[in-house]
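Engineer: Handing you this structure, nothing more for now.
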Amino acid sequence: MDIKKHYDDIGEAARLVRQESLVDLTPLEAAHRAINEIRLWQKILGARPEASIFDQIVSGLEWGLVALVSGLYRQAYGSLRLTVELTVGLCWFSTNRLDLAEWQSGERDLIWKEITNPDEGVLSPRFRKAFFPELDEEKKYNGLNKKLYRELSEYVHGNARTWAGPDDIKYDEQLHRGWFEKLETY
């Protein structure tokens, strides 16, 4: 096998996907507006200990976009899942400083089931009443969040449906559009 040619071919395939991906810039512009809003939240939170997580959230989105426009759809969906997980984790850590300190030191993992728990998680009635009483739709948003996370996890865990088609690097309008639809849910 000619290794250089192999990777040159992959690079050329990604370049062709990028050309097709950049025909309609509207969804990419919307994604970058979302990134700018996240950066604004980071600026507002300033020096709070959990604010540094915004860098990881933005990085997840930006690398997800690079993967998306390169035809690396599985990686793009995985990056979006990380973004969702870190965003919910950021909310959790804002009120659970011990968990944050342990997570930052590598002694604790971010446990999705815990932070989205319907009774104690960030979108539970208890959390909402304490920190965002005007929301009053936490069950709806918790359900949407869990559904989004599960759908994105299918690409991370390699569920059969996500392997149904060829895994070649080529433009796939359905996967491309689907990523942006999931970003809107986020």
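Each chain in the structure tokens gets a letter, A, B, ..., in the order shown, and its residues are numbered from 1; ligands are numbered from 1 in order too.
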Residues of range 23-154 of chain A in helix (DSSP H, G or I) according to DSSP, as an MDAnalysis selection string?
Structural biologist: chainID A and resid 26:45 49:69 73:95 97:104 112:115 125:131 138:154
Engineer: Give me the residues within 12 Å of range 6-9 of chain A as a PyMOL selection string, counting only C-alpha atoms and dropping any in the same chain fewer than 4 places off.
Structural biologist: chain A and resi 1-2+13-16+168-170
Engineer: Would you save the residues of that selection, restricted to C-alpha atoms, as a CSV table (one decimal), in the first residue's frame?
Structural biologist:
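Done, and the output landed in part25.csv:
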chain,number,residue,atom,x,y,z
A,1,MET,CA,0.0,0.0,0.0
A,2,ASP,CA,1.2,3.5,-0.9
A,13,ALA,CA,-12.2,13.3,-0.8
A,14,ALA,CA,-12.5,15.7,2.2
A,15,ARG,CA,-11.8,18.6,-0.1
A,16,LEU,CA,-14.6,17.6,-2.4
A,168,ASP,CA,-16.7,6.6,2.5
A,169,ILE,CA,-15.8,10.2,2.7
A,170,LYS,CA,-18.4,11.8,0.5
Engineer: Might you pull out every residue within 7 Å of range 151-157 of chain A, with only C-alpha atoms counted and same-chain residues fewer than 4 positions away left off, and present them as a ChimeraX atom specification?
Structural biologist: /A:74,77-78,81,147,162
Engineer: Output N, CA, C and O atoms for every residue in that selection, as a tab-separated table (two decimals), in the first residue's frame.
Structural biologist:
chain	number	residue	atom	x	y	z
A	74	ARG	N	-19.41	10.81	11.47
A	74	ARG	CA	-19.41	10.16	12.78
A	74	ARG	C	-18.66	11.04	13.79
A	74	ARG	O	-19.11	11.23	14.91
A	77	TYR	N	-20.80	14.21	14.66
A	77	TYR	CA	-21.88	13.94	15.61
A	77	TYR	C	-21.31	13.67	17.01
A	77	TYR	O	-21.89	14.07	18.01
A	78	GLY	N	-20.16	13.01	17.07
A	78	GLY	CA	-19.53	12.77	18.37
A	78	GLY	C	-19.10	14.07	19.04
A	78	GLY	O	-19.25	14.24	20.26
A	81	ARG	N	-22.13	15.73	20.45
A	81	ARG	CA	-22.52	15.06	21.70
A	81	ARG	C	-21.67	15.57	22.87
A	81	ARG	O	-22.18	15.85	23.95
A	147	LYS	N	-33.19	12.98	24.64
A	147	LYS	CA	-33.39	12.44	23.30
A	147	LYS	C	-32.23	12.83	22.39
A	147	LYS	O	-31.69	12.00	21.66
A	162	THR	N	-26.32	3.63	12.33
A	162	THR	CA	-25.34	4.61	11.90
A	162	THR	C	-24.30	4.02	10.95
A	162	THR	O	-23.51	4.76	10.36
Engineer: Would you mind telling me which residue in A:Leu135, A:Ile115, A:Ile10, A:Leu98 lies nearest to Val84 in chain A when using only C-alpha atoms?
Structural biologist: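 Of the candidates, the smallest distance to Val84 in chain A is held by A:Ile115.
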Engineer: Hey, what's within 10 Å of Ile57 in chain A if we count only C-alpha atoms and toss same-chain stuff fewer than 6 positions away? As a list of chain:residue names, please?
Structural biologist: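 Listing them by chain and then by number gives A:Ile35, A:Ile38, A:Arg39, A:Ser79, A:Leu80, A:Leu82, A:Thr83, A:Val84, A:Glu85, A:Leu86, A:Thr87, A:Leu90.
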Engineer: Point out the residue among A:Lys4, A:Lys146, A:Lys182, A:His32 with the least atom-to-atom distance to Asn117 in chain A, counting only C-alpha atoms.
Structural biologist: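 The answer is A:Lys146, which sits nearest to Asn117 in chain A.
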Engineer: Please compute the CA of Asp172 in chain A-CA of Arg33 in chain A distance, one decimal, in Å.
Structural biologist: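 If I compute the distance from CA of Asp172 in chain A to CA of Arg33 in chain A, I get 23.7 Å.
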Engineer: May I ask for the distance between CA of Val88 in chain A and CA of Leu72 in chain A, given in Å to one decimal place?
Structural biologist: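 CA of Leu72 in chain A lies 24.9 Å from CA of Val88 in chain A.
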Engineer: Give me, please, the distance in Å between CA of Trp179 in chain A and CA of Tyr73 in chain A, quoted to one decimal.
Structural biologist: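 Pair CA of Trp179 in chain A / CA of Tyr73 in chain A returns 8.4 Å.
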Engineer: Which of these, A:Phe180, A:Tyr141, A:Phe54, A:Tyr186, has the shortest distance to Ala31 in chain A once you count only C-alpha atoms?
Structural biologist: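 So, comparing all the options, the nearest one is A:Phe180.
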Engineer: List the neighbours of Tyr171 in chain A out to 7 Å using only C-alpha atoms; skip same-chain residues closer than 4 positions along the sequence, and give me the result as a list in words.
Structural biologist: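 The neighbour list is Val17, Glu20 and Gly71 of chain A.
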Engineer: With 12 Å as the cut-off and only C-alpha atoms counted, what is the closest atom pair between each nearby residue of range 69-120 of chain A and range 130-133 of chain A? Distances in Å to one decimal, ordered by chain and number, as CSV.
Structural biologist:
residue,atom,partner,partner_atom,distance
A:Cys91,CA,A:Phe131,CA,10.3
A:Trp92,CA,A:Phe131,CA,11.3
A:Ser94,CA,A:Phe131,CA,10.6
A:Thr95,CA,A:Phe131,CA,9.4
A:Glu120,CA,A:Ala130,CA,11.4
